[in-house]
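So this block is final_25.pdb, PDB, C-alpha atoms:
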MODEL        1
ATOM      1  CA  MET X 660    -112.724 -38.090  28.669
ATOM      2  CA  ASN X 661    -116.124 -37.833  30.222
ATOM      3  CA  THR X 662    -115.178 -34.669  32.104
ATOM      4  CA  SER X 663    -113.714 -32.946  29.093
ATOM      5  CA  VAL X 664    -116.891 -33.619  27.139
ATOM      6  CA  ARG X 665    -118.953 -32.170  29.924
ATOM      7  CA  ILE X 666    -116.796 -29.038  30.109
ATOM      8  CA  GLU X 667    -117.150 -28.609  26.398
ATOM      9  CA  THR X 668    -120.925 -28.763  26.609
ATOM     10  CA  ILE X 669    -120.947 -26.233  29.407
ATOM     11  CA  ASN X 670    -118.751 -23.897  27.402
ATOM     12  CA  GLU X 671    -120.904 -24.328  24.378
ATOM     13  CA  ASP X 672    -124.044 -23.679  26.396
ATOM     14  CA  HIS X 673    -122.592 -20.496  27.710
ATOM     15  CA  HIS X 674    -121.534 -19.533  24.241
ATOM     16  CA  ASP X 675    -124.783 -20.466  22.622
ATOM     17  CA  ASN X 676    -127.142 -18.081  24.351
ATOM     18  CA  GLY X 677    -124.757 -15.170  23.734
ATOM     19  CA  SER X 678    -125.594 -13.732  27.140
ATOM     20  CA  THR X 679    -122.230 -11.963  27.454
ATOM     21  CA  GLN X 680    -122.792 -10.010  24.246
ATOM     22  CA  VAL X 681    -126.307  -9.055  25.311
ATOM     23  CA  PHE X 682    -124.993  -7.995  28.723
ATOM     24  CA  GLY X 683    -122.382  -5.807  27.026
ATOM     25  CA  PHE X 684    -125.111  -4.179  24.994
ATOM     26  CA  TRP X 685    -127.140  -3.681  28.163
ATOM     27  CA  ILE X 686    -124.194  -1.711  29.614
ATOM     28  CA  TYR X 687    -124.218   0.467  26.484
ATOM     29  CA  ILE X 688    -127.948   1.105  26.984
ATOM     30  CA  LEU X 689    -127.389   2.150  30.600
ATOM     31  CA  GLN X 690    -124.718   4.648  29.588
ATOM     32  CA  ASP X 691    -127.074   5.941  26.890
ATOM     33  CA  LEU X 692    -129.512   6.462  29.747
ATOM     34  CA  PHE X 693    -127.003   8.876  31.332
ATOM     35  CA  LEU X 694    -127.017  10.911  28.129
ATOM     36  CA  PHE X 695    -130.781  11.217  28.345
ATOM     37  CA  ALA X 696    -130.617  11.930  32.093
ATOM     38  CA  THR X 697    -128.401  14.969  31.504
ATOM     39  CA  LEU X 698    -130.678  16.200  28.716
ATOM     40  CA  PHE X 699    -133.738  15.743  30.948
ATOM     41  CA  ALA X 700    -132.021  17.638  33.768
ATOM     42  CA  ASN X 701    -131.125  20.364  31.264
ATOM     43  CA  PHE X 702    -134.705  20.588  30.031
ATOM     44  CA  ALA X 703    -136.168  20.594  33.553
ATOM     45  CA  VAL X 704    -133.923  23.462  34.618
ATOM     46  CA  PHE X 705    -134.766  25.563  31.563
ATOM     47  CA  SER X 706    -138.437  24.580  31.425
ATOM     48  CA  SER X 707    -139.571  28.161  31.828
ATOM     49  CA  THR X 708    -136.826  30.251  30.240
ATOM     50  CA  TYR X 709    -138.791  31.638  27.294
ATOM     51  CA  ASP X 710    -136.980  34.977  27.351
ATOM     52  CA  GLY X 711    -140.322  36.651  26.773
ATOM     53  CA  GLY X 712    -140.727  34.794  23.466
ATOM     54  CA  ALA X 713    -142.871  31.888  22.340
ATOM     55  CA  ALA X 714    -143.964  29.632  25.200
ATOM     56  CA  GLY X 715    -144.007  25.854  24.880
ATOM     57  CA  LYS X 716    -147.619  25.733  25.965
ATOM     58  CA  ASP X 717    -148.825  27.548  22.842
ATOM     59  CA  PHE X 718    -147.289  24.953  20.519
ATOM     60  CA  ILE X 719    -148.096  21.693  22.294
ATOM     61  CA  ASN X 720    -150.706  19.623  20.519
ATOM     62  CA  LEU X 721    -151.552  16.795  22.932
ATOM     63  CA  PRO X 722    -153.709  14.613  20.621
ATOM     64  CA  PHE X 723    -150.839  14.663  18.105
ATOM     65  CA  VAL X 724    -148.364  13.552  20.786
ATOM     66  CA  MET X 725    -150.789  10.855  21.943
ATOM     67  CA  VAL X 726    -150.827   9.356  18.427
ATOM     68  CA  GLU X 727    -147.003   9.435  18.406
ATOM     69  CA  THR X 728    -146.971   7.693  21.785
ATOM     70  CA  PHE X 729    -149.270   4.924  20.607
ATOM     71  CA  LEU X 730    -147.268   4.421  17.402
ATOM     72  CA  LEU X 731    -144.165   3.820  19.511
ATOM     73  CA  LEU X 732    -146.040   1.629  22.013
ATOM     74  CA  PHE X 733    -147.492  -0.556  19.239
ATOM     75  CA  SER X 734    -144.075  -0.829  17.606
ATOM     76  CA  SER X 735    -142.654  -1.897  20.966
ATOM     77  CA  ILE X 736    -145.174  -4.712  21.388
ATOM     78  CA  SER X 737    -144.700  -5.884  17.810
ATOM     79  CA  CYS X 738    -140.944  -5.967  18.445
ATOM     80  CA  GLY X 739    -141.750  -8.170  21.454
ATOM     81  CA  PHE X 740    -143.773 -10.475  19.222
ATOM     82  CA  ALA X 741    -140.797 -10.674  16.855
ATOM     83  CA  MET X 742    -138.773 -12.043  19.787
ATOM     84  CA  VAL X 743    -141.515 -14.554  20.641
ATOM     85  CA  ASN X 744    -141.521 -15.715  17.007
ATOM     86  CA  LEU X 745    -137.734 -15.985  17.117
ATOM     87  CA  GLN X 746    -137.937 -18.243  20.167
ATOM     88  CA  THR X 747    -140.323 -20.573  18.321
ATOM     89  CA  ASN X 748    -137.993 -20.567  15.279
ATOM     90  CA  ASN X 749    -140.589 -18.897  13.099
ATOM     91  CA  LEU X 750    -138.519 -16.937  10.566
ATOM     92  CA  GLN X 751    -141.499 -15.648   8.611
ATOM     93  CA  GLY X 752    -143.248 -14.484  11.780
ATOM     94  CA  THR X 753    -140.107 -12.768  13.030
ATOM     95  CA  ARG X 754    -139.700 -10.945   9.748
ATOM     96  CA  LEU X 755    -143.350  -9.865   9.611
ATOM     97  CA  SER X 756    -143.371  -8.571  13.213
ATOM     98  CA  LEU X 757    -140.143  -6.701  12.595
ATOM     99  CA  GLN X 758    -141.564  -5.172   9.415
ATOM    100  CA  ILE X 759    -144.594  -3.927  11.354
ATOM    101  CA  THR X 760    -142.223  -2.499  13.993
ATOM    102  CA  PHE X 761    -140.256  -0.759  11.249
ATOM    103  CA  ILE X 762    -143.334   0.811   9.637
ATOM    104  CA  LEU X 763    -144.678   2.070  12.978
ATOM    105  CA  GLY X 764    -141.248   3.467  13.892
ATOM    106  CA  LEU X 765    -141.023   5.181  10.512
ATOM    107  CA  ALA X 766    -144.470   6.727  11.041
ATOM    108  CA  PHE X 767    -143.281   8.009  14.428
ATOM    109  CA  VAL X 768    -140.219   9.649  12.881
ATOM    110  CA  GLY X 769    -142.405  11.106  10.135
ATOM    111  CA  MET X 770    -144.727  12.685  12.691
ATOM    112  CA  GLU X 771    -141.802  14.098  14.646
ATOM    113  CA  VAL X 772    -140.201  15.592  11.540
ATOM    114  CA  TYR X 773    -143.584  17.107  10.636
ATOM    115  CA  GLU X 774    -143.843  18.594  14.142
ATOM    116  CA  PHE X 775    -140.363  20.133  13.865
ATOM    117  CA  MET X 776    -141.061  21.527  10.389
ATOM    118  CA  HIS X 777    -144.294  22.989  11.681
ATOM    119  CA  LEU X 778    -142.478  24.693  14.573
ATOM    120  CA  ILE X 779    -139.676  26.010  12.360
ATOM    121  CA  HIS X 780    -142.237  27.267   9.856
ATOM    122  CA  GLN X 781    -143.798  29.339  12.629
ATOM    123  CA  GLY X 782    -140.449  30.824  13.512
ATOM    124  CA  VAL X 783    -139.819  28.666  16.580
ATOM    125  CA  ILE X 784    -136.214  27.579  16.186
ATOM    126  CA  PRO X 785    -133.614  26.490  18.777
ATOM    127  CA  SER X 786    -132.086  29.976  18.899
ATOM    128  CA  VAL X 787    -135.360  31.607  20.034
ATOM    129  CA  SER X 788    -134.725  30.912  23.723
ATOM    130  CA  THR X 789    -133.037  28.500  26.103
ATOM    131  CA  TYR X 790    -136.300  26.605  26.465
ATOM    132  CA  TRP X 791    -136.483  25.861  22.741
ATOM    133  CA  SER X 792    -132.809  24.850  22.579
ATOM    134  CA  ALA X 793    -133.396  22.364  25.397
ATOM    135  CA  PHE X 794    -136.629  21.191  23.743
ATOM    136  CA  PHE X 795    -135.073  20.549  20.340
ATOM    137  CA  VAL X 796    -131.968  18.878  21.769
ATOM    138  CA  LEU X 797    -133.940  16.483  23.992
ATOM    139  CA  VAL X 798    -136.652  15.527  21.504
ATOM    140  CA  ALA X 799    -134.273  15.349  18.538
ATOM    141  CA  THR X 800    -131.783  13.151  20.431
ATOM    142  CA  HIS X 801    -134.577  10.677  21.037
ATOM    143  CA  GLY X 802    -135.613  10.990  17.381
ATOM    144  CA  VAL X 803    -132.066  10.319  16.198
ATOM    145  CA  HIS X 804    -131.989   7.180  18.339
ATOM    146  CA  VAL X 805    -135.226   6.018  16.726
ATOM    147  CA  ILE X 806    -133.734   6.646  13.264
ATOM    148  CA  ALA X 807    -130.650   4.639  14.306
ATOM    149  CA  GLY X 808    -132.979   1.824  15.379
ATOM    150  CA  LEU X 809    -134.694   1.931  11.972
ATOM    151  CA  ILE X 810    -131.352   1.716  10.140
ATOM    152  CA  TRP X 811    -130.416  -1.214  12.383
ATOM    153  CA  MET X 812    -133.698  -2.908  11.452
ATOM    154  CA  MET X 813    -132.934  -2.502   7.747
ATOM    155  CA  CYS X 814    -129.589  -4.231   8.344
ATOM    156  CA  MET X 815    -131.437  -6.873  10.347
ATOM    157  CA  PHE X 816    -133.684  -7.666   7.365
ATOM    158  CA  VAL X 817    -130.576  -8.343   5.259
ATOM    159  CA  HIS X 818    -129.075 -10.497   8.037
ATOM    160  CA  LEU X 819    -132.325 -12.422   8.412
ATOM    161  CA  SER X 820    -132.611 -13.202   4.716
ATOM    162  CA  ARG X 821    -128.936 -14.201   4.488
ATOM    163  CA  TYR X 822    -128.292 -16.109   7.699
ATOM    164  CA  LYS X 823    -131.874 -17.017   8.700
ATOM    165  CA  LEU X 824    -132.092 -17.846  12.406
ATOM    166  CA  SER X 825    -128.399 -18.321  13.114
ATOM    167  CA  ARG X 826    -126.913 -17.890  16.578
ATOM    168  CA  ASP X 827    -125.498 -14.478  15.658
ATOM    169  CA  ASN X 828    -128.844 -13.332  14.372
ATOM    170  CA  ARG X 829    -130.498 -14.335  17.635
ATOM    171  CA  ILE X 830    -127.998 -12.217  19.576
ATOM    172  CA  ARG X 831    -128.534  -9.292  17.190
ATOM    173  CA  MET X 832    -132.278  -9.574  17.618
ATOM    174  CA  ALA X 833    -131.967  -9.698  21.421
ATOM    175  CA  CYS X 834    -129.898  -6.478  21.378
ATOM    176  CA  LEU X 835    -132.191  -4.788  18.863
ATOM    177  CA  SER X 836    -135.285  -5.528  20.942
ATOM    178  CA  LEU X 837    -133.558  -4.258  24.103
ATOM    179  CA  PHE X 838    -132.687  -1.032  22.254
ATOM    180  CA  TRP X 839    -136.197  -0.561  20.881
ATOM    181  CA  HIS X 840    -137.920  -1.158  24.237
ATOM    182  CA  PHE X 841    -135.426   1.237  25.831
ATOM    183  CA  LEU X 842    -136.409   3.956  23.343
ATOM    184  CA  ASP X 843    -140.056   3.478  24.248
ATOM    185  CA  ILE X 844    -139.205   3.788  27.958
ATOM    186  CA  VAL X 845    -137.300   7.036  27.307
ATOM    187  CA  TRP X 846    -140.282   8.323  25.308
ATOM    188  CA  ILE X 847    -142.476   7.890  28.420
ATOM    189  CA  GLY X 848    -140.198  10.416  30.100
ATOM    190  CA  VAL X 849    -140.275  12.730  27.082
ATOM    191  CA  PHE X 850    -144.040  12.856  26.684
ATOM    192  CA  THR X 851    -144.548  13.307  30.424
ATOM    193  CA  VAL X 852    -141.898  15.941  31.100
ATOM    194  CA  VAL X 853    -141.931  17.861  27.811
ATOM    195  CA  TYR X 854    -145.530  17.622  26.667
ATOM    196  CA  LEU X 855    -147.842  16.813  29.585
ATOM    197  CA  LEU X 856    -146.090  18.960  32.182
ATOM    198  CA  GLY X 857    -145.503  21.602  29.508
ATOM    199  CA  ALA X 858    -149.222  21.773  28.740
ATOM    200  CA  LEU X 859    -150.273  22.251  32.363
TER     201      LEU X 859
ATOM    202  CA  MET H 302    -140.544 -26.493  27.274
ATOM    203  CA  ASP H 303    -140.105 -24.155  24.326
ATOM    204  CA  MET H 304    -143.850 -23.928  23.858
ATOM    205  CA  GLN H 305    -144.289 -23.113  27.534
ATOM    206  CA  THR H 306    -141.827 -20.195  27.554
ATOM    207  CA  HIS H 307    -143.377 -19.010  24.325
ATOM    208  CA  LYS H 308    -146.795 -18.831  25.958
ATOM    209  CA  THR H 309    -145.594 -17.112  29.122
ATOM    210  CA  ASN H 310    -143.610 -14.617  27.059
ATOM    211  CA  MET H 311    -146.604 -13.876  24.878
ATOM    212  CA  SER H 312    -148.875 -13.306  27.866
ATOM    213  CA  LYS H 313    -146.183 -11.236  29.566
ATOM    214  CA  TYR H 314    -145.872  -8.931  26.556
ATOM    215  CA  THR H 315    -149.650  -8.646  26.195
ATOM    216  CA  MET H 316    -150.059  -7.896  29.890
ATOM    217  CA  GLY H 317    -147.354  -5.207  29.799
ATOM    218  CA  PHE H 318    -148.880  -3.723  26.658
ATOM    219  CA  VAL H 319    -152.395  -3.501  28.155
ATOM    220  CA  LEU H 320    -151.062  -1.885  31.342
ATOM    221  CA  SER H 321    -149.005   0.604  29.294
ATOM    222  CA  VAL H 322    -152.032   1.559  27.190
ATOM    223  CA  ILE H 323    -154.130   2.146  30.307
ATOM    224  CA  LEU H 324    -151.410   4.233  32.002
ATOM    225  CA  THR H 325    -150.809   6.296  28.841
ATOM    226  CA  LEU H 326    -154.528   6.978  28.435
ATOM    227  CA  ILE H 327    -154.877   8.043  32.095
ATOM    228  CA  ALA H 328    -151.892  10.404  31.771
ATOM    229  CA  PHE H 329    -153.100  12.063  28.548
ATOM    230  CA  PHE H 330    -156.795  12.227  29.419
ATOM    231  CA  SER H 331    -156.162  13.690  32.874
ATOM    232  CA  VAL H 332    -154.542  16.669  31.141
ATOM    233  CA  MET H 333    -156.580  16.812  27.912
ATOM    234  CA  LEU H 334    -159.994  16.361  29.540
ATOM    235  CA  HIS H 335    -159.096  18.557  32.547
ATOM    236  CA  TRP H 336    -159.592  15.770  35.103
ATOM    237  CA  ILE H 337    -156.932  17.253  37.370
ATOM    238  CA  GLU H 338    -157.662  20.906  36.595
ATOM    239  CA  ASP H 339    -158.461  21.843  40.216
ATOM    240  CA  TRP H 340    -155.368  20.268  41.754
ATOM    241  CA  SER H 341    -152.443  22.330  42.971
ATOM    242  CA  ILE H 342    -149.525  22.540  40.555
ATOM    243  CA  SER H 343    -147.236  20.325  42.643
ATOM    244  CA  ALA H 344    -149.961  17.673  42.988
ATOM    245  CA  LYS H 345    -150.315  17.637  39.190
ATOM    246  CA  VAL H 346    -146.549  17.299  38.717
ATOM    247  CA  PHE H 347    -146.268  14.470  41.239
ATOM    248  CA  PHE H 348    -149.286  12.697  39.744
ATOM    249  CA  LEU H 349    -147.940  12.806  36.161
ATOM    250  CA  LEU H 350    -144.357  11.920  37.142
ATOM    251  CA  GLY H 351    -145.725   9.080  39.280
ATOM    252  CA  LEU H 352    -147.670   7.683  36.316
ATOM    253  CA  ALA H 353    -144.513   7.894  34.175
ATOM    254  CA  VAL H 354    -142.425   6.047  36.769
ATOM    255  CA  ILE H 355    -145.097   3.335  37.092
ATOM    256  CA  GLN H 356    -145.246   2.883  33.318
ATOM    257  CA  MET H 357    -141.449   2.730  33.051
ATOM    258  CA  THR H 358    -141.413   0.064  35.764
ATOM    259  CA  VAL H 359    -144.141  -1.893  33.966
ATOM    260  CA  GLN H 360    -142.198  -1.823  30.692
ATOM    261  CA  ILE H 361    -138.921  -2.796  32.375
ATOM    262  CA  MET H 362    -140.631  -5.733  34.088
ATOM    263  CA  PHE H 363    -142.730  -6.979  31.189
ATOM    264  CA  PHE H 364    -140.698  -6.066  28.075
ATOM    265  CA  LEU H 365    -137.011  -6.240  28.954
ATOM    266  CA  HIS H 366    -136.842  -9.784  30.432
ATOM    267  CA  LEU H 367    -133.852  -8.885  32.543
ATOM    268  CA  ASN H 368    -134.152 -11.828  34.915
ATOM    269  CA  GLU H 369    -134.505 -14.553  32.323
ATOM    270  CA  ASN H 370    -130.933 -15.445  31.422
ATOM    271  CA  SER H 371    -127.842 -16.427  33.363
ATOM    272  CA  ASP H 372    -126.744 -12.801  33.799
ATOM    273  CA  ALA H 373    -129.882 -11.794  35.682
ATOM    274  CA  LYS H 374    -128.030 -10.631  38.785
ATOM    275  CA  TRP H 375    -125.653  -8.474  36.742
ATOM    276  CA  ASN H 376    -128.393  -7.035  34.555
ATOM    277  CA  ILE H 377    -130.426  -5.920  37.529
ATOM    278  CA  GLY H 378    -127.468  -4.813  39.652
ATOM    279  CA  THR H 379    -126.073  -2.554  36.934
ATOM    280  CA  MET H 380    -129.562  -1.210  36.276
ATOM    281  CA  TRP H 381    -129.973  -0.131  39.910
ATOM    282  CA  ILE H 382    -126.617   1.658  39.889
ATOM    283  CA  ALA H 383    -127.653   3.445  36.688
ATOM    284  CA  ILE H 384    -131.000   4.422  38.209
ATOM    285  CA  ILE H 385    -129.294   5.875  41.287
ATOM    286  CA  CYS H 386    -126.881   7.863  39.076
ATOM    287  CA  VAL H 387    -129.756   9.119  36.927
ATOM    288  CA  PHE H 388    -131.597  10.226  40.045
ATOM    289  CA  ILE H 389    -128.523  12.095  41.316
ATOM    290  CA  ILE H 390    -127.998  13.780  37.918
ATOM    291  CA  ILE H 391    -131.597  14.934  37.531
ATOM    292  CA  ALA H 392    -132.557  15.750  41.119
ATOM    293  CA  GLY H 393    -129.169  17.288  41.887
ATOM    294  CA  THR H 394    -129.182  19.515  38.816
ATOM    295  CA  TRP H 395    -132.779  20.557  39.381
ATOM    296  CA  LYS H 396    -132.205  21.438  43.017
ATOM    297  CA  THR H 397    -128.989  23.413  42.609
ATOM    298  CA  ILE H 398    -129.590  25.211  39.320
ATOM    299  CA  GLN H 399    -133.221  25.992  40.089
ATOM    300  CA  HIS H 400    -132.161  27.746  43.265
ATOM    301  CA  LEU H 401    -129.465  29.629  41.396
ATOM    302  CA  ASN H 402    -131.901  30.585  38.647
ATOM    303  CA  TYR H 403    -134.461  31.855  41.091
ATOM    304  CA  ASN H 404    -131.973  34.195  42.654
ATOM    305  CA  MET H 405    -131.057  35.644  39.281
ATOM    306  CA  MET H 406    -134.474  37.107  38.498
ATOM    307  CA  GLY H 407    -134.467  38.308  34.932
ATOM    308  CA  GLY H 408    -130.721  38.029  34.639
ATOM    309  CA  SER H 409    -130.663  34.587  33.072
ATOM    310  CA  GLY H 410    -133.223  35.232  30.399
ATOM    311  CA  ARG H 411    -135.863  34.207  32.872
ATOM    312  CA  VAL H 412    -138.317  36.957  31.970
ATOM    313  CA  ILE H 413    -141.456  34.980  31.471
ATOM    314  CA  ARG H 414    -145.178  35.185  31.331
ATOM    315  CA  ASP H 415    -146.091  34.340  34.879
ATOM    316  CA  SER H 416    -149.139  32.221  34.045
ATOM    317  CA  ASP H 417    -147.023  29.759  32.041
ATOM    318  CA  ASN H 418    -144.281  29.404  34.548
ATOM    319  CA  LEU H 419    -144.445  26.039  36.260
ATOM    320  CA  SER H 420    -141.273  26.331  38.281
ATOM    321  CA  SER H 421    -142.012  29.808  39.564
ATOM    322  CA  SER H 422    -145.438  28.633  40.746
ATOM    323  CA  LEU H 423    -143.728  25.692  42.400
ATOM    324  CA  ASN H 424    -141.294  28.043  44.076
ATOM    325  CA  ARG H 425    -144.079  30.324  45.143
ATOM    326  CA  GLU H 426    -145.896  27.432  46.723
ATOM    327  CA  GLU H 427    -142.777  26.398  48.554
ATOM    328  CA  ARG H 428    -142.447  29.943  49.837
ATOM    329  CA  LEU H 429    -146.080  29.996  50.943
ATOM    330  CA  LEU H 430    -145.475  26.775  52.832
ATOM    331  CA  ASP H 431    -142.507  28.373  54.551
TER     332      ASP H 431
ENDMDL
END
Just give me the structure as structure tokens.
Amino acid sequence: MNTSVRIETINEDHHDNGSTQVFGFWIYILQDLFLFATLFANFAVFSSTYDGGAAGKDFINLPFVMVETFLLLFSSISCGFAMVNLQTNNLQGTRLSLQITFILGLAFVGMEVYEFMHLIHQGVIPSVSTYWSAFFVLVATHGVHVIAGLIWMMCMFVHLSRYKLSRDNRIRMACLSLFWHFLDIVWIGVFTVVYLLGAL
Amino acid sequence: MDMQTHKTNMSKYTMGFVLSVILTLIAFFSVMLHWIEDWSISAKVFFLLGLAVIQMTVQIMFFLHLNENSDAKWNIGTMWIAIICVFIIIAGTWKTIQHLNYNMMGGSGRVIRDSDNLSSSLNREERLLD
């Protein structure tokens, strides 16, 4: 009797922190990393194939990219604070931090869309040269991931208002924060390889 | 106990955030304010890539909390395998295709303005070293 009770508690403990689900999501993130690795390798190889056309250097606006970087960095820390609030069972705090994360992420996407529109307006489109194909594919793939994160956050707001701080919601939040921090880490690679090295 | 982890988490996030801000500012200002203007091209590349790797490490350590639950060993083990694979993908592609590209002067759409060409300057430096 005593043993069976103990086993049950152990099982429940293991179940309760949802670590298996989070680990599964971590594996997904690592395979997503391979996608970005191939795109980075692609970009690095074609980093100077302008085909005599527009060079990346002429279109890189570093202060603009720096603002983008800080938007994403601030959204990352506010996502971290959402997790801290979740651990202290503060639903309102979690929601507020996540809303701030969402707004900063949205501003990032807005800036990136503006940058792309600006480039296209000046006639710089993916078909101009291999460099610009690699550029658009790499930066846009990251952008699409950020948009996916934003959609996930919108779903998360519905989950939070419906199920409050349930076990499932805690697992969802753990995965969401992993995803969001991962996007910020990939962005470090993007701004270094595409923009800083491109502006040299 | 809950309060304690809360505090350590909070300070961990803040610490990681401050370090990330500093590293980002160094990276951008060194290019924007021409701090590293006089360096050789390969020194600049190594410097900027080094800063990026340091900042990635900082964010992995301070933001991802990989070693905090019962799967710590698995989280970190799988991460190392992924990092090794990523290194092979990027370094391997760069090394092989770059060499191929260089030997196809002009043929692969590689007609470029010489002043903008990072990889050709890198190659030239390598050749000078040889």
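Running the PyMOL selection byres ((chain X) within 7 of (chain H)) on this file leaves Ser678, Phe682, Leu689, Phe693, Ala696, Thr697, Phe699, Ala700, Ala703, Val704, Ser707, Thr708, Tyr709, Asp710, Gly711, Ile736, Gly739, Val743, Gln746, Thr747, Leu837, His840, Ile844, Ile847, Gly848, Thr851, Leu855 and Leu856 of chain X selected.
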Residues of the last selection are to be written out with C-alpha atoms, as a PDB file, in the frame of the given file.
ATOM      1  CA  SER X 678    -125.594 -13.732  27.140  1.00  0.00           C
ATOM      2  CA  PHE X 682    -124.993  -7.995  28.723  1.00  0.00           C
ATOM      3  CA  LEU X 689    -127.389   2.150  30.600  1.00  0.00           C
ATOM      4  CA  PHE X 693    -127.003   8.876  31.332  1.00  0.00           C
ATOM      5  CA  ALA X 696    -130.617  11.930  32.093  1.00  0.00           C
ATOM      6  CA  THR X 697    -128.401  14.969  31.504  1.00  0.00           C
ATOM      7  CA  PHE X 699    -133.738  15.743  30.948  1.00  0.00           C
ATOM      8  CA  ALA X 700    -132.021  17.638  33.768  1.00  0.00           C
ATOM      9  CA  ALA X 703    -136.168  20.594  33.553  1.00  0.00           C
ATOM     10  CA  VAL X 704    -133.923  23.462  34.618  1.00  0.00           C
ATOM     11  CA  SER X 707    -139.571  28.161  31.828  1.00  0.00           C
ATOM     12  CA  THR X 708    -136.826  30.251  30.240  1.00  0.00           C
ATOM     13  CA  TYR X 709    -138.791  31.638  27.294  1.00  0.00           C
ATOM     14  CA  ASP X 710    -136.980  34.977  27.351  1.00  0.00           C
ATOM     15  CA  GLY X 711    -140.322  36.651  26.773  1.00  0.00           C
ATOM     16  CA  ILE X 736    -145.174  -4.712  21.388  1.00  0.00           C
ATOM     17  CA  GLY X 739    -141.750  -8.170  21.454  1.00  0.00           C
ATOM     18  CA  VAL X 743    -141.515 -14.554  20.641  1.00  0.00           C
ATOM     19  CA  GLN X 746    -137.937 -18.243  20.167  1.00  0.00           C
ATOM     20  CA  THR X 747    -140.323 -20.573  18.321  1.00  0.00           C
ATOM     21  CA  LEU X 837    -133.558  -4.258  24.103  1.00  0.00           C
ATOM     22  CA  HIS X 840    -137.920  -1.158  24.237  1.00  0.00           C
ATOM     23  CA  ILE X 844    -139.205   3.788  27.958  1.00  0.00           C
ATOM     24  CA  ILE X 847    -142.476   7.890  28.420  1.00  0.00           C
ATOM     25  CA  GLY X 848    -140.198  10.416  30.100  1.00  0.00           C
ATOM     26  CA  THR X 851    -144.548  13.307  30.424  1.00  0.00           C
ATOM     27  CA  LEU X 855    -147.842  16.813  29.585  1.00  0.00           C
ATOM     28  CA  LEU X 856    -146.090  18.960  32.182  1.00  0.00           C
TER      29      LEU X 856
END
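Relative to atom CA of X:Ser734, atom CA of X:Asn748 is found at 20.8 Å.
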What's the separation between atom CA of X:Ile779 and atom CA of X:Ile762, in Å to one decimal place? 25.6 Å
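Here the PyMOL selection byres ((chain X and resi 807) around 12) matches the residues Phe761, Gly764, Leu765, Val768, Thr800, His801, Gly802, Val803, His804, Val805, Ile806, Gly808, Leu809, Ile810, Trp811, Met812, Met813, Cys814, Leu835, Phe838, Trp839 and Leu842 of chain X.
Nearest residue to X:Leu730 among X:Tyr790, X:Phe767, X:Met832, X:Glu774 is X:Phe767, counting all atoms listed in the file.
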Between atom CA of X:Phe702 and atom CA of X:Ile688 - distance in Å to one decimal: 20.8 Å
So that I can check the surroundings of X:Pro785, please list as a short mmCIF file (atom, residue, chain, number, x, y, z; two decimals) with C-alpha atoms, in the frame of the given file every protein, DNA and RNA residue that reaches within 12 Å of it, counting only C-alpha atoms and ignoring chain neighbours fewer than 5 positions away.
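Result went into result02.cif, see below:
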data_model
loop_
_atom_site.label_atom_id
_atom_site.label_comp_id
_atom_site.auth_asym_id
_atom_site.auth_seq_id
_atom_site.Cartn_x
_atom_site.Cartn_y
_atom_site.Cartn_z
CA TYR X 709 -138.79 31.64 27.29
CA GLY X 712 -140.73 34.79 23.47
CA ALA X 713 -142.87 31.89 22.34
CA PHE X 775 -140.36 20.13 13.86
CA LEU X 778 -142.48 24.69 14.57
CA ILE X 779 -139.68 26.01 12.36
CA TYR X 790 -136.30 26.60 26.46
CA TRP X 791 -136.48 25.86 22.74
CA SER X 792 -132.81 24.85 22.58
CA ALA X 793 -133.40 22.36 25.40
CA PHE X 794 -136.63 21.19 23.74
CA PHE X 795 -135.07 20.55 20.34
CA VAL X 796 -131.97 18.88 21.77
CA LEU X 797 -133.94 16.48 23.99
CA VAL X 798 -136.65 15.53 21.50
CA ALA X 799 -134.27 15.35 18.54
#
When the PyMOL selection byres ((chain X and resi 719-721) around 8) is applied to the structure above, which residues does it catch, written out as a PyMOL selection string? (chain X and resi 715-718+722-725+854-855+857-858) or (chain H and resi 329+333)
If I put a ball of radius 8 Å at (-132.3, -13.7, 12.0) in the file's coordinates, which residues poke into it when counting all atoms listed in the file, written as a ChimeraX atom specification? /X:745,750,753,815-816,818-820,822-825,827-829,831-832
